[in-house]
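Report on one structure; see the data block that follows.
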2 protein chains.
Amino acid sequence: MVLPHFYLSIKYCKFVLIKTHNCMKTNKHKIAVLGSGSWATAIMKMLTENLDEVAWYVRSAYTMEHLKLHRHNPKYLQQVLFDLNKIKISTDINEVVAYADTIIIAIPSAFVKAELDQINIPLKNKIIFSAVKGIVPETLLILGEHLKKYHGVPEKKLGVIAGPCHAEEVAMERLSYLTIAAKRKSIAKQMSADLSSWYIKTSYSKDVFGIEWAAVLKNVFAIASGIAHGLGYGDNYQAVLISNAIREMKKFIKKNVDKRKRNIDNSAYLGDLLVTSYSIFSRNRTFGSMIGKGYTVRSAMAEMRMVAEGYYAVKSAYKINLDKGDKKANTPIIDTVYNILYKGANPKTEFIKLSDKLN
Amino acid sequence: MVLPHFYLSIKYCKFVLIKTHNCMKTNKHKIAVLGSGSWATAIMKMLTENLDEVAWYVRSAYTMEHLKLHRHNPKYLQQVLFDLNKIKISTDINEVVAYADTIIIAIPSAFVKAELDQINIPLKNKIIFSAVKGIVPETLLILGEHLKKYHGVPEKKLGVIAGPCHAEEVAMERLSYLTIAAKRKSIAKQMSADLSSWYIKTSYSKDVFGIEWAAVLKNVFAIASGIAHGLGYGDNYQAVLISNAIREMKKFIKKNVDKRKRNIDNSAYLGDLLVTSYSIFSRNRTFGSMIGKGYTVRSAMAEMRMVAEGYYAVKSAYKINLDKGDKKANTPIIDTVYNILYKGANPKTEFIKLSDKLN
């Protein structure tokens with residue numbers, strides 16, 4: 001009996017029985033993750049399964065010490081155990097950035113500018129992937145545009161890691177699909193190789209800013225979905241709301257990013273919207289639901305002890321679209337969420353008006 | 001103070017304060033509903049709120065007597081009380097068909113041919129709306145095509161009443177949207193007026209067979225969604241599966257109905273798919289989930305005491321598509337469900353193969 005080739009390499013490759021091409025690599029490129037939330041932790045898990053060295057910037061010394069001592073993040077995805085030989089962990093963002101040629105930013109959007117402002121090394125020569133699903137509140141830009149405008153990173157060096165992907169399911173090694181977007185295919189290809197495994201499949205897209213906007217807008221639509229739920233609307237209505245939302249997303253991106261032909265039903269757009277809007281764990285949906293049930297914006301935020309990312313996203317989306325004047329996209333759902341969150345409009349009345357615009 | 005006009009008619013119109021155009025009508029057209037399931041009962045509720053006379057064919061004498069005595073369907077949507085002065089109820093299908101010029105068929109697809117075969121009055125001069133969300137098992141046709149082929153009903157007299165719409169939410173008067181499809185707008189317009197109310201909004205479409213196919217295919221995709229759930233796939237995967245499903249639906253309808261430009265993200269297509277695939281109450285999803293958990297097809301059907309409509313739908317969809325030969329649409333999800341339900345293929349293995357085809 002002749003053994004197939006992959007049996008021979010079984011000692012050297014953790015995943016050999018499932019995917020022979022995912023053998024552990026001695027990575028020549030220097031890759032780093034910034035952030036220590038659940039999504040950053042999930043990305044670290046994916047990377048360290050494929051690569052033998054990954055740098056990790058975590059803000060808190062406690063998180064770093066806990067990781068070194070217990071091999072897991074103290075706050076998020078605690079079941080994920082890291083091989084300490086593979087991670088170069090630091091609380092010094094400049095040390096991590098200096099090390100890396102490829103950086104994945106997975107810091108919650110509310111804190112991303114403050115962290116980036118600490119970096120005193122030019123970013124323009126790095127390959128930078130956004131795994132931030134929100135707007136930079138201070139500049140009202142998606143991260144890719146913020147990096148381009150304020151850090152001089154050229155578009156050809158920017159990428160996006162997009163879902164649909166709950167970090168919790170990555171931790172559970174449930175089959176998930178990522179879309180890796182970058183103008184240059186070679187950059188995306190490397191990132192795909194670094195992240196793929198028997199439970200992570202990847203697709204490629206060139207639509208960097210379109211996909212980043214989709215990831216941002218889905219949080220606005222998840223807030224809308226939550227408000228509807230909080231107001232007592234049912235499943236029939238939710239299905240109509242989301243089918244209107246995906247059409248609104250398409251129109252928004254077409255008017256505010258570019259007119260390229262994109263299939264909005266691809267997983268990075270529609271799939272990501274679905275996983276967020278139909279998840280009872282979505283923070284944006286929960287925030288919306290509280291608003292629908294009568295909480296004020298301030299009390300909902302206080303209760304949740306955090307700001308849902310869609311809160312900033314809707315302000316940015318509304319204003320960017322408004323700036324288009326006569327050429328703006330027709331975005332009744334975005335406008336409704338904006339009116340409720342920023343103009344103090346009554347959710348019940350706004351949704352009655354919105355309902356007449358849906359079909 | 002001058003009272004607005006609608007105040008004057010308040011005595012005569014139940015919904016005047018909400019929608020002035022939905023006054024009770026003395027309907028000149030003779031309308032009938034065939035069927036006594038939950039969807040038929042929901043349609044009867046919508047119609048009798050607008051019209052003063054609606055005929056209703058129910059198969060069982062017990063159901064008829066119960067309705068006459070207690071004013072509600074004994075089995076479905078029991079909270080819906082009917083005004084007996086408005087319904088002409090009969091267990092004689094020919095009596096009801098003879099009465100009507102417009103017929104809504106809302107009989108489960110498994111029984112629809114047997115019921116239609118009892119009709120000895122020509123149907124070709126009637127306006128007929130399908131509210132059947134399945135394939136006629138004996139002919140493997142959608143109802144519209146079955147009526148055209150076997151009852152000589154011309155396409156211009158055919159219509160479809162499409163969701164997304166759980167009957168239970170109609171009973172609860174939760175805001176829902178219907179799409180009324182008919183080649184002739186006047187026919188759809190009349191049906192819209194008959195069904196609309198403060199909690200039912202309607203849209204119009206010309207895509208009669210496309211929308212009927214969407215209502216049929218969604219049940220196949222709901223079975224797929226259930227199988228995935230039963231096999232232990234998570235929310236990330238479901239979102240990818242459904243985003244692939246809507247693309248597959250578009251391709252199938254384009255190849256097997258016609259090539260007209262249709263926005264597959266409209267509520268009648270995507271919305272209907274969402275409300276079914278994400279509902280834990282969907283019988284098709286439940287059936288699929290049992291298959292995924294290891295039940296045989298026969299034991300799952302026995303346990304459910306019914307045949308999920310997607311079971312026939314997938315056979316028809318698979319065969320119709322196969323008949324296109326080289327021109328067939330690429331339908332990996334439909335093929336997977338067909339292989340599992342009709343060829344005894346192993347769900348786990350089939351889904352591993354399917355997963356490589358999704359993106």
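Residue numbering restarts at 1 in every chain; chains get A, B, ... in the order shown in the structure tokens, and ligands count up from 1 in that same order.
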Moved coordinates, chain B onto chain A, all Cα atoms, as a short mmCIF file (atom, residue, chain, number, x, y, z; two decimals) with C-alpha atoms, in the first residue's frame:
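Result went into selection.cif, see below:
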```cif
data_model
loop_
_atom_site.label_atom_id
_atom_site.label_comp_id
_atom_site.auth_asym_id
_atom_site.auth_seq_id
_atom_site.Cartn_x
_atom_site.Cartn_y
_atom_site.Cartn_z
CA MET B 1 0.75 0.19 -0.47
CA VAL B 2 1.98 3.63 -1.35
CA LEU B 3 1.11 6.27 1.22
CA PRO B 4 -0.22 9.50 -0.18
CA HIS B 5 2.24 12.34 0.12
CA PHE B 6 0.49 14.15 2.94
CA TYR B 7 0.95 11.24 5.30
CA LEU B 8 4.66 11.87 5.23
CA SER B 9 4.31 15.36 6.59
CA ILE B 10 1.87 14.50 9.35
CA LYS B 11 4.34 15.28 12.10
CA TYR B 12 4.89 18.79 10.93
CA CYS B 13 1.42 19.91 10.18
CA LYS B 14 -1.42 20.20 12.63
CA PHE B 15 -4.18 20.28 10.00
CA VAL B 16 -2.74 17.86 7.56
CA LEU B 17 -5.63 15.42 7.69
CA ILE B 18 -8.13 18.10 6.87
CA LYS B 19 -6.41 20.59 4.63
CA THR B 20 -2.96 19.69 3.41
CA HIS B 21 -2.23 23.21 2.21
CA ASN B 22 -2.62 24.61 5.68
CA CYS B 23 0.62 23.30 7.09
CA MET B 24 2.20 25.41 9.78
CA LYS B 25 4.33 28.05 8.13
CA THR B 26 7.51 29.64 9.23
CA ASN B 27 6.22 32.99 8.23
CA LYS B 28 8.66 35.37 6.62
CA HIS B 29 6.21 38.25 6.65
CA LYS B 30 5.81 39.99 9.98
CA ILE B 31 2.20 40.21 10.96
CA ALA B 32 0.59 41.97 13.90
CA VAL B 33 -2.87 42.38 15.36
CA LEU B 34 -3.86 45.57 17.19
CA GLY B 35 -6.66 45.14 19.72
CA SER B 36 -7.74 42.68 22.38
CA GLY B 37 -11.53 42.48 21.98
CA SER B 38 -13.37 39.36 20.90
CA TRP B 39 -12.78 39.86 17.18
CA ALA B 40 -9.05 40.58 17.69
CA THR B 41 -8.81 37.45 19.83
CA ALA B 42 -10.58 35.36 17.16
CA ILE B 43 -8.19 36.70 14.51
CA MET B 44 -5.20 35.85 16.73
CA LYS B 45 -6.57 32.31 17.03
CA MET B 46 -6.88 31.96 13.26
CA LEU B 47 -3.41 33.36 12.62
CA THR B 48 -1.56 31.39 15.29
CA GLU B 49 -2.97 28.16 13.94
CA ASN B 50 -1.21 28.85 10.65
CA LEU B 51 1.83 30.94 11.52
CA ASP B 52 4.69 30.53 13.95
CA GLU B 53 4.99 34.17 14.95
CA VAL B 54 2.32 36.84 15.36
CA ALA B 55 2.71 40.12 17.24
CA TRP B 56 -0.19 41.31 19.37
CA TYR B 57 -0.77 44.74 20.78
CA VAL B 58 -3.07 44.78 23.80
CA ARG B 59 -3.74 48.02 25.62
CA SER B 60 -3.99 46.71 29.14
CA ALA B 61 -1.05 45.37 31.12
CA TYR B 62 -3.50 43.19 33.03
CA THR B 63 -4.67 41.53 29.80
CA MET B 64 -1.06 40.94 28.76
CA GLU B 65 -0.07 39.42 32.11
CA HIS B 66 -3.19 37.27 32.19
CA LEU B 67 -2.47 36.03 28.68
CA LYS B 68 1.11 35.18 29.60
CA LEU B 69 0.05 33.38 32.78
CA HIS B 70 -3.14 31.63 31.67
CA ARG B 71 -2.71 31.55 27.88
CA HIS B 72 -6.14 33.07 27.28
CA ASN B 73 -7.69 36.51 27.05
CA PRO B 74 -9.19 37.32 30.45
CA LYS B 75 -12.30 38.98 29.01
CA TYR B 76 -13.09 37.48 25.60
CA LEU B 77 -13.26 33.96 24.14
CA GLN B 78 -11.69 32.51 27.26
CA GLN B 79 -11.82 29.01 25.83
CA VAL B 80 -9.20 29.92 23.22
CA LEU B 81 -5.78 28.85 24.50
CA PHE B 82 -2.74 30.37 22.82
CA ASP B 83 0.66 28.85 22.23
CA LEU B 84 2.84 31.45 23.95
CA ASN B 85 5.83 30.53 21.78
CA LYS B 86 4.01 31.99 18.82
CA ILE B 87 2.76 35.29 20.12
CA LYS B 88 4.85 38.38 20.67
CA ILE B 89 2.59 40.29 23.02
CA SER B 90 3.14 43.90 24.01
CA THR B 91 1.35 46.90 25.49
CA ASP B 92 3.56 49.19 23.39
CA ILE B 93 1.75 49.89 20.13
CA ASN B 94 4.88 51.36 18.54
CA GLU B 95 6.92 48.28 19.30
CA VAL B 96 4.31 46.10 17.63
CA VAL B 97 3.89 48.42 14.62
CA ALA B 98 7.66 48.69 14.16
CA TYR B 99 7.91 44.90 14.08
CA ALA B 100 5.22 44.31 11.49
CA ASP B 101 4.96 44.71 7.74
CA THR B 102 1.30 43.62 7.78
CA ILE B 103 -1.05 45.01 10.42
CA ILE B 104 -4.61 43.99 11.22
CA ILE B 105 -6.49 46.65 13.14
CA ALA B 106 -9.25 45.16 15.29
CA ILE B 107 -9.80 47.93 17.83
CA PRO B 108 -13.39 49.03 18.56
CA SER B 109 -14.07 52.10 16.45
CA ALA B 110 -14.68 54.31 19.51
CA PHE B 111 -11.02 53.94 20.54
CA VAL B 112 -9.26 53.47 17.22
CA LYS B 113 -8.25 57.08 16.58
CA ALA B 114 -6.75 57.52 20.05
CA GLU B 115 -4.69 54.36 19.53
CA LEU B 116 -3.59 55.31 16.02
CA ASP B 117 -2.58 58.77 17.24
CA GLN B 118 -0.06 57.14 19.55
CA ILE B 119 1.80 55.61 16.64
CA ASN B 120 4.94 57.57 15.81
CA ILE B 121 6.14 55.33 13.00
CA PRO B 122 4.94 56.01 9.43
CA LEU B 123 2.16 53.63 8.44
CA LYS B 124 2.30 54.35 4.72
CA ASN B 125 4.70 51.50 3.96
CA LYS B 126 2.73 48.89 5.87
CA ILE B 127 0.01 46.67 4.53
CA ILE B 128 -2.99 47.44 6.73
CA PHE B 129 -6.17 45.43 7.05
CA SER B 130 -9.21 46.83 8.75
CA ALA B 131 -11.16 44.47 10.95
CA VAL B 132 -12.95 47.43 12.52
CA LYS B 133 -16.66 47.35 11.84
CA GLY B 134 -17.41 50.95 12.49
CA ILE B 135 -16.79 54.59 11.77
CA VAL B 136 -13.94 56.57 13.33
CA PRO B 137 -16.18 58.86 15.42
CA GLU B 138 -13.85 61.88 15.39
CA THR B 139 -13.45 62.00 11.61
CA LEU B 140 -16.69 60.24 10.59
CA LEU B 141 -14.72 58.10 8.14
CA ILE B 142 -14.49 54.36 7.64
CA LEU B 143 -11.07 53.19 8.83
CA GLY B 144 -9.68 52.71 5.33
CA GLU B 145 -10.49 56.30 4.40
CA HIS B 146 -9.18 57.53 7.76
CA LEU B 147 -5.86 55.73 7.21
CA LYS B 148 -5.62 57.13 3.69
CA LYS B 149 -6.40 60.68 4.73
CA TYR B 150 -4.62 61.00 8.07
CA HIS B 151 -1.82 58.45 7.81
CA GLY B 152 -1.04 58.60 4.11
CA VAL B 153 -1.60 54.88 3.56
CA PRO B 154 -2.15 54.34 -0.18
CA GLU B 155 -5.30 52.48 -1.27
CA LYS B 156 -3.26 49.70 -2.81
CA LYS B 157 -1.91 48.83 0.64
CA LEU B 158 -5.29 48.74 2.34
CA GLY B 159 -7.44 45.69 2.94
CA VAL B 160 -10.54 44.59 4.80
CA ILE B 161 -11.36 41.38 6.64
CA ALA B 162 -15.11 40.96 6.43
CA GLY B 163 -17.64 38.46 7.77
CA PRO B 164 -20.35 37.26 8.29
CA CYS B 165 -18.49 36.12 11.36
CA HIS B 166 -19.35 36.11 15.04
CA ALA B 167 -16.05 35.81 16.92
CA GLU B 168 -17.71 33.37 19.33
CA GLU B 169 -18.28 30.87 16.54
CA VAL B 170 -14.64 31.12 15.45
CA ALA B 171 -13.72 30.21 19.02
CA MET B 172 -16.04 27.21 18.74
CA GLU B 173 -14.46 26.30 15.38
CA ARG B 174 -17.80 26.41 13.61
CA LEU B 175 -17.44 26.66 9.85
CA SER B 176 -17.28 30.34 8.88
CA TYR B 177 -16.55 32.31 5.72
CA LEU B 178 -14.48 35.47 5.48
CA THR B 179 -14.17 37.84 2.58
CA ILE B 180 -10.73 39.35 2.20
CA ALA B 181 -10.83 42.57 0.21
CA ALA B 182 -7.79 44.34 -1.24
CA LYS B 183 -7.09 46.13 -4.48
CA ARG B 184 -4.00 44.01 -4.98
CA LYS B 185 -4.86 40.34 -5.14
CA SER B 186 -1.44 39.25 -3.86
CA ILE B 187 -2.05 41.02 -0.56
CA ALA B 188 -5.45 39.38 -0.12
CA LYS B 189 -4.04 36.02 -1.13
CA GLN B 190 -1.42 36.15 1.61
CA MET B 191 -4.03 37.17 4.19
CA SER B 192 -6.33 34.36 3.04
CA ALA B 193 -3.56 31.83 3.48
CA ASP B 194 -2.82 33.20 6.95
CA LEU B 195 -6.44 32.96 8.11
CA SER B 196 -7.81 29.87 6.32
CA SER B 197 -8.24 26.55 8.04
CA TRP B 198 -10.62 23.59 8.07
CA TYR B 199 -13.24 25.83 9.68
CA ILE B 200 -12.40 29.13 7.96
CA LYS B 201 -12.99 29.56 4.24
CA THR B 202 -12.13 32.77 2.43
CA SER B 203 -13.24 34.62 -0.68
CA TYR B 204 -11.56 37.49 -2.47
CA SER B 205 -13.00 40.86 -3.43
CA LYS B 206 -11.56 44.07 -4.87
CA ASP B 207 -14.27 46.21 -3.33
CA VAL B 208 -12.30 47.46 -0.29
CA PHE B 209 -14.31 50.56 0.62
CA GLY B 210 -17.65 49.08 -0.48
CA ILE B 211 -17.19 46.10 1.81
CA GLU B 212 -16.00 48.27 4.68
CA TRP B 213 -19.12 50.42 4.26
CA ALA B 214 -21.29 47.28 4.22
CA ALA B 215 -19.79 46.21 7.55
CA VAL B 216 -20.54 49.68 8.93
CA LEU B 217 -24.07 50.04 7.54
CA LYS B 218 -25.18 46.64 8.74
CA ASN B 219 -24.91 47.99 12.30
CA VAL B 220 -27.28 50.84 11.42
CA PHE B 221 -29.76 48.35 9.98
CA ALA B 222 -29.34 46.13 13.05
CA ILE B 223 -30.30 49.13 15.19
CA ALA B 224 -33.37 49.64 12.98
CA SER B 225 -34.21 45.95 13.33
CA GLY B 226 -33.86 46.26 17.11
CA ILE B 227 -36.07 49.36 17.27
CA ALA B 228 -38.75 47.55 15.27
CA HIS B 229 -38.53 44.60 17.63
CA GLY B 230 -38.71 46.89 20.64
CA LEU B 231 -41.79 48.58 19.19
CA GLY B 232 -43.51 45.21 18.81
CA TYR B 233 -43.24 44.66 15.06
CA GLY B 234 -43.10 40.97 14.16
CA ASP B 235 -41.18 38.59 11.91
CA ASN B 236 -43.14 39.49 8.76
CA TYR B 237 -42.09 43.11 9.21
CA GLN B 238 -38.46 42.24 10.01
CA ALA B 239 -38.18 40.30 6.76
CA VAL B 240 -39.49 43.29 4.80
CA LEU B 241 -37.23 45.69 6.72
CA ILE B 242 -34.13 43.64 5.94
CA SER B 243 -35.05 43.14 2.32
CA ASN B 244 -35.40 46.93 2.08
CA ALA B 245 -32.14 47.36 4.02
CA ILE B 246 -30.06 45.36 1.55
CA ARG B 247 -31.48 47.43 -1.32
CA GLU B 248 -30.72 50.60 0.63
CA MET B 249 -27.16 49.39 1.30
CA LYS B 250 -26.64 48.82 -2.41
CA LYS B 251 -27.87 52.29 -3.32
CA PHE B 252 -25.83 53.97 -0.57
CA ILE B 253 -22.58 52.27 -1.60
CA LYS B 254 -23.22 52.96 -5.28
CA LYS B 255 -23.73 56.68 -4.64
CA ASN B 256 -21.16 57.19 -1.90
CA VAL B 257 -18.33 54.78 -2.78
CA ASP B 258 -18.40 53.97 -6.49
CA LYS B 259 -20.59 52.59 -9.22
CA ARG B 260 -18.78 49.34 -9.85
CA LYS B 261 -20.92 46.27 -10.46
CA ARG B 262 -21.16 44.48 -7.12
CA ASN B 263 -23.45 41.63 -6.17
CA ILE B 264 -24.90 42.94 -2.93
CA ASP B 265 -26.19 39.43 -2.16
CA ASN B 266 -22.65 38.15 -1.67
CA SER B 267 -21.81 37.02 1.83
CA ALA B 268 -19.70 40.07 2.73
CA TYR B 269 -22.72 42.34 2.22
CA LEU B 270 -25.99 40.40 2.67
CA GLY B 271 -24.52 37.62 4.83
CA ASP B 272 -22.98 40.12 7.20
CA LEU B 273 -26.27 42.04 7.41
CA LEU B 274 -28.16 38.81 8.18
CA VAL B 275 -25.83 37.52 10.86
CA THR B 276 -26.06 40.85 12.67
CA SER B 277 -29.73 41.67 12.19
CA TYR B 278 -30.99 38.21 13.11
CA SER B 279 -28.68 37.73 16.06
CA ILE B 280 -30.12 38.27 19.51
CA PHE B 281 -26.52 38.75 20.65
CA SER B 282 -25.87 41.76 18.41
CA ARG B 283 -25.13 44.81 20.55
CA ASN B 284 -26.52 47.10 17.89
CA ARG B 285 -29.79 45.20 17.75
CA THR B 286 -29.99 45.20 21.56
CA PHE B 287 -29.34 48.94 21.63
CA GLY B 288 -32.10 49.50 19.06
CA SER B 289 -34.48 47.26 20.96
CA MET B 290 -34.00 49.36 24.11
CA ILE B 291 -34.71 52.53 22.12
CA GLY B 292 -37.85 50.91 20.72
CA LYS B 293 -38.96 49.97 24.21
CA GLY B 294 -38.72 53.58 25.35
CA TYR B 295 -35.20 54.06 26.72
CA THR B 296 -33.59 57.37 25.84
CA VAL B 297 -30.37 57.15 23.83
CA ARG B 298 -28.37 58.17 26.88
CA SER B 299 -30.01 55.69 29.23
CA ALA B 300 -29.67 52.85 26.72
CA MET B 301 -25.95 53.59 26.40
CA ALA B 302 -25.57 53.82 30.18
CA GLU B 303 -27.39 50.53 30.65
CA MET B 304 -25.22 48.80 28.03
CA ARG B 305 -22.03 50.43 29.37
CA MET B 306 -20.87 50.93 25.84
CA VAL B 307 -21.69 52.71 22.62
CA ALA B 308 -23.11 50.51 19.87
CA GLU B 309 -21.02 51.03 16.72
CA GLY B 310 -24.07 51.80 14.63
CA TYR B 311 -24.55 54.95 16.70
CA TYR B 312 -21.56 56.64 15.06
CA ALA B 313 -22.12 54.84 11.79
CA VAL B 314 -25.56 56.34 11.24
CA LYS B 315 -24.31 59.88 11.86
CA SER B 316 -21.56 59.45 9.33
CA ALA B 317 -23.75 57.70 6.77
CA TYR B 318 -26.47 60.32 7.09
CA LYS B 319 -24.10 63.27 6.73
CA ILE B 320 -22.02 61.81 3.92
CA ASN B 321 -25.16 61.04 1.97
CA LEU B 322 -26.66 64.46 2.71
CA ASP B 323 -23.53 66.11 1.34
CA LYS B 324 -24.33 64.60 -2.06
CA GLY B 325 -27.24 67.02 -2.34
CA ASP B 326 -29.47 66.16 -5.26
CA LYS B 327 -27.39 63.10 -5.98
CA LYS B 328 -27.89 61.51 -2.61
CA ALA B 329 -29.18 57.98 -2.30
CA ASN B 330 -32.72 57.42 -1.07
CA THR B 331 -32.08 56.00 2.41
CA PRO B 332 -35.28 55.98 4.48
CA ILE B 333 -34.00 53.46 7.06
CA ILE B 334 -30.75 55.34 7.71
CA ASP B 335 -32.68 58.63 7.91
CA THR B 336 -35.17 57.12 10.37
CA VAL B 337 -32.45 55.80 12.69
CA TYR B 338 -30.63 59.15 12.47
CA ASN B 339 -33.78 61.10 13.34
CA ILE B 340 -34.43 58.88 16.35
CA LEU B 341 -30.87 58.83 17.70
CA TYR B 342 -29.76 62.39 16.93
CA LYS B 343 -32.88 64.49 16.60
CA GLY B 344 -34.89 63.06 19.47
CA ALA B 345 -37.66 61.95 17.11
CA ASN B 346 -40.24 59.55 18.53
CA PRO B 347 -39.44 55.96 17.47
CA LYS B 348 -43.09 54.97 17.16
CA THR B 349 -44.00 57.91 14.92
CA GLU B 350 -40.82 57.58 12.85
CA PHE B 351 -41.49 53.89 12.22
CA ILE B 352 -45.07 54.57 11.16
CA LYS B 353 -43.66 57.01 8.60
CA LEU B 354 -40.91 54.57 7.59
CA SER B 355 -43.41 51.75 7.12
CA ASP B 356 -45.11 53.68 4.35
CA LYS B 357 -41.79 53.85 2.48
CA LEU B 358 -41.02 50.13 2.64
CA ASN B 359 -42.28 47.61 0.14
#
```
* Filtered DSSP result for stretch 124-352 of chain A, state helix (DSSP H, G or I), as a ChimeraX atom specification -> /A:143-151,155-157,167-171,185-195,208-231,235-256,267-277,283-292,297-304,309-322,325-327,332-342,347-352
